[in-house]
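The file work02.txt comes next; it holds compact mmCIF, C-alpha atoms.
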# COMPACT_ATOMS: atom_id res chain seq x y z
CA MET Z 66 99.44 116.05 119.27
CA THR Z 67 96.81 118.57 119.40
CA LEU Z 68 95.00 120.95 117.14
CA THR Z 69 92.69 123.90 117.16
CA MET Z 70 89.08 122.99 116.58
CA LYS Z 71 85.91 124.96 116.05
CA HIS Z 72 82.61 123.14 116.43
CA ARG Z 73 79.02 124.26 116.02
CA ALA Z 74 76.07 122.17 117.15
CA CYS Z 75 72.31 122.69 117.42
CA ASP Z 76 70.56 122.20 120.74
CA LEU Z 77 66.94 122.10 119.61
CA LYS Z 78 65.63 121.42 123.10
CA LYS Z 79 66.80 124.86 124.18
CA ASN Z 80 66.27 126.32 120.72
CA ASN Z 81 69.59 128.08 120.68
CA LEU Z 82 72.97 127.81 118.97
CA ARG Z 83 75.75 126.46 121.15
CA LYS Z 84 79.11 127.51 119.80
CA LEU Z 85 82.47 126.34 121.04
CA THR Z 86 85.93 127.49 120.10
CA LEU Z 87 88.92 125.81 121.70
CA VAL Z 88 92.61 126.45 121.26
CA THR Z 89 94.53 123.55 122.69
CA GLY Z 90 97.93 122.98 121.24
CA ILE Z 91 100.85 122.99 118.92
CA THR Z 92 99.89 121.49 115.62
CA ILE Z 93 97.11 122.13 113.15
CA SER Z 94 93.68 123.67 113.15
CA ALA Z 95 90.53 121.79 112.26
CA SER Z 96 86.85 122.53 111.99
CA VAL Z 97 83.89 120.28 112.30
CA LEU Z 98 81.93 121.90 109.49
CA THR Z 99 78.26 121.95 110.39
CA ALA Z 100 75.26 124.20 109.91
CA CYS Z 101 72.37 124.79 112.30
CA GLN Z 102 68.98 123.80 111.00
CA GLN Z 103 65.87 121.91 112.13
CA THR Z 104 67.31 118.41 112.57
CA PRO Z 105 67.13 115.60 115.14
CA ASP Z 106 68.30 116.49 118.65
CA TYR Z 107 72.07 116.52 119.04
CA ASN Z 108 73.48 116.87 122.54
CA TYR Z 109 76.80 118.34 123.52
CA LEU Z 110 79.12 117.19 126.33
CA THR Z 111 82.42 118.65 127.48
CA GLY Z 112 84.88 118.05 130.30
CA GLU Z 113 88.54 117.97 131.34
CA THR Z 114 90.91 115.05 130.86
CA MET Z 115 94.59 114.27 130.17
CA GLY Z 116 95.67 117.87 130.70
CA THR Z 117 93.26 119.10 128.03
CA SER Z 118 89.52 118.96 127.33
CA TYR Z 119 87.10 116.67 125.58
CA HIS Z 120 84.11 117.61 123.42
CA ILE Z 121 81.34 115.33 122.22
CA SER Z 122 78.42 115.97 119.90
CA TYR Z 123 75.94 113.12 119.49
CA GLN Z 124 72.34 112.30 118.64
CA LEU Z 125 70.59 111.34 121.86
CA PRO Z 126 68.64 108.07 121.54
CA ASP Z 127 65.07 107.93 122.77
CA GLY Z 128 64.94 107.31 126.49
CA ALA Z 129 68.68 107.85 127.03
CA ASP Z 130 69.89 109.87 130.02
CA GLU Z 131 72.46 112.54 129.10
CA THR Z 132 73.65 112.77 132.71
CA ALA Z 133 74.29 109.03 132.80
CA ILE Z 134 76.16 109.21 129.48
CA GLN Z 135 78.47 111.95 130.76
CA ALA Z 136 79.07 110.02 134.00
CA ALA Z 137 80.00 106.90 132.02
CA VAL Z 138 82.37 108.91 129.80
CA ASP Z 139 84.04 110.56 132.79
CA GLU Z 140 84.42 107.25 134.61
CA ARG Z 141 86.20 105.61 131.65
CA LEU Z 142 88.49 108.59 131.21
CA LYS Z 143 89.33 108.50 134.93
CA GLN Z 144 90.27 104.84 134.57
CA ILE Z 145 92.63 105.71 131.70
CA ASN Z 146 94.23 108.53 133.67
CA ASP Z 147 94.63 106.28 136.71
CA SER Z 148 96.43 103.83 134.44
CA MET Z 149 98.55 106.01 132.14
CA SER Z 150 98.92 109.56 133.45
CA THR Z 151 102.55 110.41 134.25
CA TYR Z 152 101.20 113.37 136.24
CA GLN Z 153 99.50 111.06 138.75
CA GLU Z 154 101.93 109.63 141.26
CA ASN Z 155 99.81 106.55 141.87
CA ALA Z 156 99.05 105.84 138.21
CA THR Z 157 100.24 102.47 136.98
CA ILE Z 158 102.66 104.06 134.52
CA SER Z 159 104.21 106.24 137.25
CA LYS Z 160 104.69 103.22 139.47
CA PHE Z 161 106.33 101.34 136.61
CA ASN Z 162 108.66 104.23 135.87
CA ARG Z 163 109.90 104.22 139.48
CA LEU Z 164 110.53 100.48 139.59
CA ALA Z 165 113.96 98.90 139.41
CA LYS Z 166 114.77 96.56 136.55
CA ASP Z 167 113.34 93.03 136.50
CA THR Z 168 110.52 94.03 138.85
CA PRO Z 169 107.11 93.15 137.39
CA ILE Z 170 103.94 95.20 137.81
CA ILE Z 171 100.38 94.22 136.94
CA ILE Z 172 98.79 96.27 134.17
CA ASP Z 173 95.13 96.68 133.18
CA ALA Z 174 93.54 96.04 129.79
CA ASP Z 175 93.74 99.72 128.76
CA PHE Z 176 97.46 99.86 129.48
CA SER Z 177 98.01 96.59 127.64
CA HIS Z 178 96.15 97.82 124.56
CA VAL Z 179 98.09 101.09 124.37
CA LEU Z 180 101.34 99.17 124.84
CA GLU Z 181 100.35 96.88 121.95
CA VAL Z 182 99.54 99.82 119.63
CA SER Z 183 102.80 101.50 120.61
CA ARG Z 184 104.75 98.31 119.90
CA GLN Z 185 103.14 97.96 116.48
CA VAL Z 186 104.00 101.50 115.37
CA TYR Z 187 107.45 101.30 116.99
CA LYS Z 188 108.30 98.30 114.84
CA GLN Z 189 106.70 99.47 111.60
CA SER Z 190 108.23 102.96 111.88
CA GLY Z 191 111.73 101.65 112.50
CA GLY Z 192 111.77 103.10 116.02
CA ALA Z 193 110.63 106.63 115.09
CA PHE Z 194 107.75 106.19 117.54
CA ASP Z 195 109.16 105.24 120.93
CA PRO Z 196 107.33 105.86 124.23
CA THR Z 197 110.64 105.61 126.13
CA VAL Z 198 112.12 108.72 124.43
CA MET Z 199 111.63 111.04 127.44
CA PRO Z 200 115.31 110.99 128.62
CA LEU Z 201 116.36 112.55 125.31
CA ILE Z 202 113.63 115.19 125.47
CA GLU Z 203 114.74 116.17 128.95
CA THR Z 204 118.41 116.23 127.92
CA TRP Z 205 117.66 118.63 125.09
CA GLY Z 206 115.46 120.79 127.30
CA PHE Z 207 112.50 120.47 124.94
CA GLY Z 208 109.62 120.76 127.34
CA SER Z 209 106.87 123.24 126.56
CA THR Z 210 109.20 125.57 124.66
CA MET Z 211 112.27 125.46 122.48
CA THR Z 212 114.82 128.22 122.04
CA VAL Z 213 117.64 129.16 119.72
CA GLU Z 214 119.87 129.34 122.79
CA ARG Z 215 119.48 125.59 123.31
CA LEU Z 216 120.57 124.90 119.72
CA GLN Z 217 123.54 127.22 120.21
CA SER Z 218 124.57 125.25 123.29
CA PRO Z 219 123.27 121.73 122.67
CA PRO Z 220 124.00 118.71 124.87
CA THR Z 221 127.38 117.12 124.38
CA ALA Z 222 127.75 113.87 122.47
CA ALA Z 223 128.37 112.12 125.79
CA GLU Z 224 125.19 113.54 127.31
CA ILE Z 225 123.15 112.49 124.28
CA ALA Z 226 124.67 109.00 124.37
CA THR Z 227 123.84 108.64 128.08
CA ALA Z 228 120.22 109.63 127.51
CA LYS Z 229 119.93 107.54 124.35
CA ALA Z 230 121.02 104.47 126.28
CA LEU Z 231 117.82 104.80 128.35
CA VAL Z 232 115.61 104.92 125.26
CA ASP Z 233 114.90 101.22 125.15
CA PHE Z 234 111.37 100.13 124.27
CA ASP Z 235 112.67 96.65 123.49
CA GLY Z 236 113.67 96.53 127.15
CA VAL Z 237 110.03 96.83 128.26
CA VAL Z 238 108.84 93.23 128.46
CA GLN Z 239 105.23 92.09 128.78
CA LYS Z 240 104.23 88.69 130.11
CA GLU Z 241 100.47 88.21 130.16
CA ASN Z 242 99.13 90.97 132.45
CA THR Z 243 102.50 92.13 133.82
CA ILE Z 244 105.40 94.19 132.47
CA TYR Z 245 108.93 94.84 133.64
CA LYS Z 246 112.01 96.67 132.38
CA THR Z 247 115.40 95.06 131.74
CA LYS Z 248 117.37 98.23 132.49
CA ASP Z 249 117.21 100.71 135.36
CA GLY Z 250 116.06 104.18 134.36
CA VAL Z 251 113.84 103.16 131.45
CA ALA Z 252 110.46 104.93 131.62
CA LEU Z 253 107.26 105.01 129.58
CA ASP Z 254 105.30 108.05 128.44
CA PHE Z 255 102.11 107.44 126.44
CA SER Z 256 101.33 111.11 125.82
CA ALA Z 257 101.62 110.58 122.05
CA VAL Z 258 98.97 107.86 121.96
CA ALA Z 259 96.81 108.11 125.12
CA LYS Z 260 94.56 110.94 123.93
CA GLY Z 261 93.82 109.04 120.75
CA TYR Z 262 93.03 105.96 122.80
CA GLY Z 263 90.79 108.06 125.02
CA VAL Z 264 88.78 109.08 121.95
CA ASP Z 265 88.41 105.42 120.99
CA VAL Z 266 87.23 104.55 124.49
CA ILE Z 267 84.59 107.32 124.56
CA ALA Z 268 83.36 106.26 121.13
CA ASP Z 269 83.09 102.71 122.43
CA VAL Z 270 80.98 103.89 125.39
CA LEU Z 271 78.62 105.75 123.06
CA LYS Z 272 78.29 102.87 120.59
CA ASN Z 273 78.20 99.81 122.79
CA LYS Z 274 76.67 101.04 126.03
CA TYR Z 275 74.13 103.52 124.66
CA GLN Z 276 73.72 102.41 121.01
CA ILE Z 277 74.61 105.89 119.75
CA ARG Z 278 75.48 105.82 116.05
CA ASN Z 279 75.81 109.52 115.16
CA TYR Z 280 78.59 111.31 117.04
CA MET Z 281 81.79 113.32 117.01
CA VAL Z 282 84.33 112.82 119.82
CA GLU Z 283 87.42 115.01 120.29
CA ILE Z 284 90.18 115.06 122.91
CA GLY Z 285 92.92 117.64 122.50
CA GLY Z 286 92.42 117.62 118.74
CA GLU Z 287 92.25 113.87 118.13
CA VAL Z 288 88.90 113.03 116.54
CA ALA Z 289 86.50 110.15 115.92
CA THR Z 290 83.27 110.57 113.95
CA SER Z 291 80.43 108.24 113.12
CA GLY Z 292 77.24 108.44 111.10
CA VAL Z 293 76.06 111.95 110.33
CA SER Z 294 76.21 115.39 111.89
CA GLY Z 295 73.26 117.44 113.12
CA GLN Z 296 72.19 118.40 109.61
CA GLN Z 297 72.28 114.76 108.49
CA GLN Z 298 75.49 115.07 106.46
CA PRO Z 299 78.81 113.19 106.84
CA TRP Z 300 81.15 114.84 109.32
CA GLN Z 301 83.94 116.98 107.86
CA ILE Z 302 87.33 118.00 109.30
CA ALA Z 303 89.11 121.01 107.79
CA ILE Z 304 92.90 121.22 108.06
CA ASP Z 305 94.45 124.67 108.32
CA ALA Z 306 97.75 125.82 106.91
CA PRO Z 307 100.38 125.55 109.69
CA ILE Z 308 101.07 129.27 109.96
CA GLU Z 309 103.11 130.22 113.00
CA GLY Z 310 101.28 132.40 115.48
CA SER Z 311 97.94 131.82 113.76
CA THR Z 312 94.75 132.05 115.79
CA VAL Z 313 91.25 130.69 115.33
CA SER Z 314 90.10 133.98 113.77
CA GLU Z 315 93.06 134.03 111.36
CA ARG Z 316 92.92 130.39 110.32
CA GLN Z 317 93.26 129.49 106.65
CA THR Z 318 91.85 126.12 105.63
CA ILE Z 319 94.08 124.23 103.22
CA ALA Z 320 92.36 120.81 103.02
CA ILE Z 321 89.15 119.07 104.07
CA ILE Z 322 88.71 115.43 104.99
CA ARG Z 323 85.14 114.17 104.73
CA GLN Z 324 83.99 111.04 106.45
CA PRO Z 325 83.37 108.38 103.78
CA MET Z 326 79.98 106.68 103.79
CA ASN Z 327 81.25 103.28 102.72
CA SER Z 328 83.23 100.60 104.56
CA SER Z 329 86.97 100.22 104.18
CA LYS Z 330 89.98 99.12 106.17
CA ILE Z 331 90.59 102.67 107.38
CA ASN Z 332 87.00 103.66 108.13
CA THR Z 333 84.61 100.87 109.01
CA GLY Z 334 80.88 101.36 109.01
CA ASN Z 335 80.64 105.10 108.23
CA GLN Z 336 83.27 106.09 110.79
CA MET Z 337 86.49 108.11 110.69
CA HIS Z 338 89.47 108.21 113.05
CA LEU Z 339 91.90 111.12 112.72
CA ALA Z 340 94.92 112.41 114.60
CA THR Z 341 97.42 115.16 113.91
CA SER Z 342 100.92 116.11 114.88
CA GLY Z 343 103.22 118.94 113.93
CA ASN Z 344 106.00 121.29 114.86
CA TYR Z 345 105.14 124.67 113.42
CA ARG Z 346 104.22 126.25 116.75
CA ASN Z 347 107.19 124.80 118.58
CA SER Z 348 110.18 125.12 116.29
CA VAL Z 349 113.00 127.54 115.60
CA VAL Z 350 115.16 128.49 112.64
CA PHE Z 351 118.88 128.41 113.37
CA ALA Z 352 121.72 128.69 110.84
CA GLY Z 353 119.21 128.44 107.98
CA LYS Z 354 117.59 125.21 109.22
CA ARG Z 355 114.25 124.72 110.95
CA TYR Z 356 114.45 122.49 114.03
CA SER Z 357 111.42 121.03 115.75
CA HIS Z 358 110.93 120.18 119.42
CA THR Z 359 110.44 116.57 118.30
CA ILE Z 360 113.36 114.22 118.93
CA ASP Z 361 114.20 111.40 116.54
CA PRO Z 362 114.75 108.46 118.95
CA THR Z 363 116.97 106.73 116.39
CA THR Z 364 119.50 109.60 116.24
CA GLY Z 365 118.97 111.26 119.61
CA GLU Z 366 118.70 114.69 117.96
CA PRO Z 367 115.87 117.08 117.04
CA ILE Z 368 114.29 116.76 113.62
CA ALA Z 369 115.42 119.19 110.93
CA GLY Z 370 113.44 119.19 107.72
CA GLY Z 371 110.39 117.47 109.12
CA ALA Z 372 106.84 118.13 107.88
CA PRO Z 373 105.31 121.03 109.86
CA SER Z 374 101.93 119.25 110.00
CA VAL Z 375 100.82 115.64 109.57
CA THR Z 376 97.28 114.27 109.68
CA VAL Z 377 96.66 110.52 109.74
CA ALA Z 378 93.50 108.44 109.33
CA ALA Z 379 93.60 104.88 110.66
CA GLU Z 380 91.50 102.01 111.99
CA SER Z 381 91.54 103.62 115.45
CA VAL Z 382 92.40 107.05 116.77
CA ALA Z 383 95.10 105.53 118.99
CA LEU Z 384 96.80 104.08 115.92
CA ALA Z 385 96.41 107.36 114.01
CA ASP Z 386 97.82 109.26 117.00
CA ALA Z 387 100.92 107.08 117.20
CA TRP Z 388 101.53 107.20 113.45
CA ALA Z 389 101.12 110.98 113.29
CA THR Z 390 103.83 111.26 115.94
CA ALA Z 391 106.09 108.77 114.18
CA LEU Z 392 105.85 110.62 110.86
CA THR Z 393 106.57 113.92 112.59
CA ALA Z 394 109.70 112.39 114.14
CA MET Z 395 111.28 111.76 110.72
CA PRO Z 396 112.68 114.03 108.03
CA TYR Z 397 109.88 114.68 105.55
CA ALA Z 398 111.24 112.56 102.67
CA LYS Z 399 111.69 109.57 104.97
CA ALA Z 400 108.26 110.12 106.54
CA LEU Z 401 106.52 110.19 103.16
CA ALA Z 402 108.34 107.07 102.00
CA THR Z 403 107.50 105.26 105.23
CA ALA Z 404 103.82 106.24 105.08
CA LYS Z 405 103.59 104.96 101.51
CA ALA Z 406 105.41 101.73 102.33
CA GLN Z 407 103.12 101.07 105.32
CA ASN Z 408 99.98 102.10 103.38
CA ILE Z 409 99.24 104.88 105.88
CA ALA Z 410 96.53 107.39 104.97
CA ALA Z 411 98.38 110.64 105.67
CA VAL Z 412 98.25 114.30 104.69
CA PHE Z 413 101.52 116.23 104.92
CA ILE Z 414 101.44 120.04 104.91
CA ILE Z 415 104.86 121.23 103.78
CA LEU Z 416 106.42 124.44 102.55
CA ALA Z 417 106.01 125.01 98.84
CA ASP Z 418 109.38 126.78 98.94
CA GLU Z 419 111.74 125.64 101.69
CA SER Z 420 113.67 128.90 101.51
CA LYS Z 421 110.60 130.72 102.91
CA SER Z 422 110.66 128.84 106.22
CA GLY Z 423 110.92 132.03 108.22
CA ALA Z 424 108.14 133.87 106.42
CA ALA Z 425 105.44 131.33 105.57
CA ASP Z 426 102.39 133.35 106.50
CA LYS Z 427 100.11 132.89 103.48
CA LEU Z 428 98.09 129.97 102.16
CA ASP Z 429 100.13 129.92 98.95
CA ASP Z 430 103.28 129.26 100.99
CA TRP Z 431 102.06 125.74 101.76
CA GLN Z 432 101.62 122.56 99.78
CA VAL Z 433 99.39 119.54 100.50
CA VAL Z 434 100.94 116.12 99.88
CA GLU Z 435 98.81 113.00 100.27
CA THR Z 436 99.74 109.35 100.35
CA PRO Z 437 97.88 107.04 97.94
CA ALA Z 438 95.81 105.68 100.84
CA MET Z 439 94.70 109.21 101.81
CA GLN Z 440 93.98 110.09 98.18
CA GLN Z 441 91.68 107.09 98.01
CA LEU Z 442 89.97 108.11 101.24
CA ARG Z 443 89.39 111.71 100.16
CA ALA Z 444 88.34 110.73 96.63
CA ASP Z 445 85.53 108.51 97.90
CA LYS Z 446 82.50 109.78 95.98
CA LYS Z 447 80.16 108.67 98.74
CA SER Z 448 81.90 111.00 101.21
CA SER Z 449 80.71 114.27 99.68
Could you show the structure in this file as structure tokens?
Amino acid sequence: MTLTMKHRACDLKKNNLRKLTLVTGITISASVLTACQQTPDYNYLTGETMGTSYHISYQLPDGADETAIQAAVDERLKQINDSMSTYQENATISKFNRLAKDTPIIIDADFSHVLEVSRQVYKQSGGAFDPTVMPLIETWGFGSTMTVERLQSPPTAAEIATAKALVDFDGVVQKENTIYKTKDGVALDFSAVAKGYGVDVIADVLKNKYQIRNYMVEIGGEVATSGVSGQQQPWQIAIDAPIEGSTVSERQTIAIIRQPMNSSKINTGNQMHLATSGNYRNSVVFAGKRYSHTIDPTTGEPIAGGAPSVTVAAESVALADAWATALTAMPYAKALATAKAQNIAAVFIILADESKSGAADKLDDWQVVETPAMQQLRADKKSS
């Protein structure tokens, strides 16, 4: 679940404007809306992690060492990768995926936390979020791309049933600091929650180790903000219309989410935690229907009629990340009803006219739909 982000920050020590534009993924675009002026020093850090990049803007406390802060951030992210990266053969998750059933493996606190968040959203979403869905994704051939040819020659019912039998999050059992699977072939993939958790972890390093209160942290489009930006205003994230083939220079902002300045269940202590998911850059129209690359674990088939873009605010970025994925993995009407029932703060970007699915290239082609919880968040008078 990634997005396109554009961030501007002032480096007053060097008296120059540092501008970053990154294009990282398949869902929405967002901007951290800031302006450069004479304000307290804000530092900027960047690096690589989880197959993407991270970007941090923060106000450097007196006496703090920027090099030490970056080293601490990189060390925590390395620990998360060593635990949960399916691309690392010796990562804990990779070892678990290779194990036979009923064979326990010790997990660390990071792994346990992500497993707990995943379990929560799995249950509350009725199984729409399921980190054991990979066998179905592989069966449908929905890796980095999706083609009409695959929909013309989809897997057989028997092939889908075989893969679906291995989608079994209930069969992943945790006992204290160990987990095991009850069925051979079951495997975990935390790609839909790990980046969000990584943002939470970096924010925790900034807050608790270095007492940094004003920051923006982003990994692959998942975002946490706290305090104020470089010009002493609440951070703002702008959501773009999900226009296929759009670029940073062609972006069209359709909604803005401002960080509230009060305390609430969703945003505690002048903070905001956002994640996005969507299908508009990885979907096809076949026989008059738009199909996404996202598989509904409950049916074993790709989603048709899902929201092209979903943004979620939650108590943590990991939780927002998981919920954004869950809501993308449902038909839109079901996703909206679920978000309302679970009191999720969500913004859905949908087609104003479904018949224009193949030619939605203007701002007017799109409609913003908010849940009551998101309406309350965006209506906060202290956030503007």
How would you write as number ranges by chain the residues that get within 9 Å of (105.3, 102.9, 106.6) in the file's frame, counting all atoms listed in the file?
Z: 186, 189-191, 388, 392, 400-409
Record the distance separating atom CA of Z:Asp254 and atom CA of Z:Thr363, expressed in Å with one decimal.
16.8 Å
From Z:Lys246, Z:His120, Z:His358, Z:Arg443, residue lying nearest Z:Asn108 [all atoms listed in the file]
Z:His120
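The coordinates place atom CA of Z:Met199 at 19.7 Å from atom CA of Z:Ser218.
In terms of minimum interatomic distance to Z:Phe234, Z:Leu180 ranks closest within Z:Ile172, Z:Leu180, Z:Val258, Z:Ala391, counting only C-alpha atoms.
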Just give me the gap between atom CA of Z:Ile277 and atom CA of Z:Gln298 in Å, one decimal is fine.
16.2 Å
When you look at Z:Glu241 with a cut-off of 12 Å (counting all atoms listed in the file), what residues show up, excluding the ones that are within fewer than 5 positions of it in the same chain? I need them as an MDAnalysis selection string.
chainID Z and resid 169:174 177:178 181
Could you name the residues that touch Z:Lys166 at 7 Å or less, counting all atoms listed in the file, but leaving out those on the same chain fewer than 3 positions away, as a PyMOL selection string?
chain Z and resi 245-249
Considering all atoms listed in the file, return as a PDB file with C-alpha atoms, keeping the file's coordinate frame whatever protein or nucleic-acid residues lie within 12 Å of Z:Ala268, sequence-local ones (same chain, fewer than 5 positions apart) excluded.
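Result file is out_28.pdb:
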ATOM      1  CA  TYR Z 119      87.100 116.670 125.580  1.00  0.00           C
ATOM      2  CA  HIS Z 120      84.110 117.610 123.420  1.00  0.00           C
ATOM      3  CA  ILE Z 121      81.340 115.330 122.220  1.00  0.00           C
ATOM      4  CA  SER Z 122      78.420 115.970 119.900  1.00  0.00           C
ATOM      5  CA  TYR Z 123      75.940 113.120 119.490  1.00  0.00           C
ATOM      6  CA  ILE Z 134      76.160 109.210 129.480  1.00  0.00           C
ATOM      7  CA  ALA Z 137      80.000 106.900 132.020  1.00  0.00           C
ATOM      8  CA  VAL Z 138      82.370 108.910 129.800  1.00  0.00           C
ATOM      9  CA  ARG Z 141      86.200 105.610 131.650  1.00  0.00           C
ATOM     10  CA  LEU Z 142      88.490 108.590 131.210  1.00  0.00           C
ATOM     11  CA  GLY Z 261      93.820 109.040 120.750  1.00  0.00           C
ATOM     12  CA  TYR Z 262      93.030 105.960 122.800  1.00  0.00           C
ATOM     13  CA  GLY Z 263      90.790 108.060 125.020  1.00  0.00           C
ATOM     14  CA  ASN Z 273      78.200  99.810 122.790  1.00  0.00           C
ATOM     15  CA  LYS Z 274      76.670 101.040 126.030  1.00  0.00           C
ATOM     16  CA  TYR Z 275      74.130 103.520 124.660  1.00  0.00           C
ATOM     17  CA  GLN Z 276      73.720 102.410 121.010  1.00  0.00           C
ATOM     18  CA  ILE Z 277      74.610 105.890 119.750  1.00  0.00           C
ATOM     19  CA  ARG Z 278      75.480 105.820 116.050  1.00  0.00           C
ATOM     20  CA  ASN Z 279      75.810 109.520 115.160  1.00  0.00           C
ATOM     21  CA  TYR Z 280      78.590 111.310 117.040  1.00  0.00           C
ATOM     22  CA  MET Z 281      81.790 113.320 117.010  1.00  0.00           C
ATOM     23  CA  VAL Z 282      84.330 112.820 119.820  1.00  0.00           C
ATOM     24  CA  GLU Z 283      87.420 115.010 120.290  1.00  0.00           C
ATOM     25  CA  ILE Z 284      90.180 115.060 122.910  1.00  0.00           C
ATOM     26  CA  VAL Z 288      88.900 113.030 116.540  1.00  0.00           C
ATOM     27  CA  ALA Z 289      86.500 110.150 115.920  1.00  0.00           C
ATOM     28  CA  THR Z 290      83.270 110.570 113.950  1.00  0.00           C
ATOM     29  CA  SER Z 291      80.430 108.240 113.120  1.00  0.00           C
ATOM     30  CA  GLY Z 292      77.240 108.440 111.100  1.00  0.00           C
ATOM     31  CA  GLN Z 336      83.270 106.090 110.790  1.00  0.00           C
ATOM     32  CA  MET Z 337      86.490 108.110 110.690  1.00  0.00           C
ATOM     33  CA  HIS Z 338      89.470 108.210 113.050  1.00  0.00           C
ATOM     34  CA  SER Z 381      91.540 103.620 115.450  1.00  0.00           C
ATOM     35  CA  VAL Z 382      92.400 107.050 116.770  1.00  0.00           C
ATOM     36  CA  ALA Z 383      95.100 105.530 118.990  1.00  0.00           C
TER      37      ALA Z 383
END
Which protein, DNA or RNA residues have an atom at most 6 Å from (87.3, 116.9, 108.9), counting all atoms listed in the file? List them as a compact mmCIF listing (two decimals) with C-alpha atoms, in the frame of the given file.
# COMPACT_ATOMS: atom_id res chain seq x y z
CA VAL Z 97 83.89 120.28 112.30
CA GLN Z 301 83.94 116.98 107.86
CA ILE Z 302 87.33 118.00 109.30
CA ALA Z 303 89.11 121.01 107.79
CA ILE Z 321 89.15 119.07 104.07
CA ILE Z 322 88.71 115.43 104.99
CA ARG Z 323 85.14 114.17 104.73
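With all atoms listed in the file as the atoms that count, the minimum distance from Z:Val270 to the choices Z:Ala133, Z:Leu442, Z:Ala369, Z:Val433 is reached by Z:Ala133.
Taking all atoms listed in the file into account, Z:Leu164 lies nearest to Z:Gly250 out of the set Z:Gly250, Z:Pro219, Z:Gly285, Z:Pro307.
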Quick one: residues within 7 Å of Z:Val232, all atoms listed in the file, excluding same-chain residues fewer than 3 positions away - as a list in words?
Thr197, Val198, Pro200, Ala228, Lys229 and Val251 of chain Z
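With distances restricted to all atoms listed in the file, Z:Ala444 is the closest residue to Z:Pro325 from Z:Ala444, Z:Thr436, Z:Glu224, Z:Gly343.
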Please provide as a list in words all residues within 7 Å of Z:Val434, with the sequence filter that same-chain residues fewer than 4 positions apart are discarded (counting all atoms listed in the file).
Val412, Phe413 and Ile414 of chain Z
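With all atoms listed in the file as the basis for measurement, Z:Ser374 is the residue among Z:Ala165, Z:Ser374, Z:Pro396, Z:Asp386 that approaches Z:Leu416 most closely.
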Reconstructed N, CA and C atoms for stretch 155-168 of chain Z, given as a short mmCIF file (atom, residue, chain, number, x, y, z; two decimals), in the coordinates of the input:
data_model
loop_
_atom_site.label_atom_id
_atom_site.label_comp_id
_atom_site.auth_asym_id
_atom_site.auth_seq_id
_atom_site.Cartn_x
_atom_site.Cartn_y
_atom_site.Cartn_z
N ASN Z 155 100.26 107.92 141.63
CA ASN Z 155 99.81 106.55 141.87
C ASN Z 155 99.31 105.85 140.61
N ALA Z 156 99.44 106.50 139.46
CA ALA Z 156 99.05 105.84 138.21
C ALA Z 156 99.97 104.66 137.95
N THR Z 157 99.45 103.67 137.27
CA THR Z 157 100.24 102.47 136.98
C THR Z 157 101.54 102.82 136.26
N ILE Z 158 101.47 103.72 135.29
CA ILE Z 158 102.66 104.06 134.52
C ILE Z 158 103.71 104.74 135.40
N SER Z 159 103.27 105.57 136.35
CA SER Z 159 104.21 106.24 137.25
C SER Z 159 104.88 105.23 138.17
N LYS Z 160 104.12 104.27 138.62
CA LYS Z 160 104.69 103.22 139.47
C LYS Z 160 105.72 102.42 138.69
N PHE Z 161 105.38 102.08 137.44
CA PHE Z 161 106.33 101.34 136.61
C PHE Z 161 107.61 102.13 136.41
N ASN Z 162 107.48 103.41 136.15
CA ASN Z 162 108.66 104.23 135.87
C ASN Z 162 109.60 104.32 137.07
N ARG Z 163 109.07 104.15 138.28
CA ARG Z 163 109.90 104.22 139.48
C ARG Z 163 110.53 102.87 139.83
N LEU Z 164 110.05 101.81 139.23
CA LEU Z 164 110.53 100.48 139.59
C LEU Z 164 111.96 100.24 139.12
N ALA Z 165 112.65 99.38 139.84
CA ALA Z 165 113.96 98.90 139.41
C ALA Z 165 113.78 97.85 138.33
N LYS Z 166 114.84 97.56 137.62
CA LYS Z 166 114.77 96.56 136.55
C LYS Z 166 114.35 95.20 137.09
N ASP Z 167 113.75 94.40 136.22
CA ASP Z 167 113.34 93.03 136.50
C ASP Z 167 112.28 92.93 137.59
N THR Z 168 111.58 94.03 137.84
CA THR Z 168 110.52 94.03 138.85
C THR Z 168 109.18 94.15 138.15
#
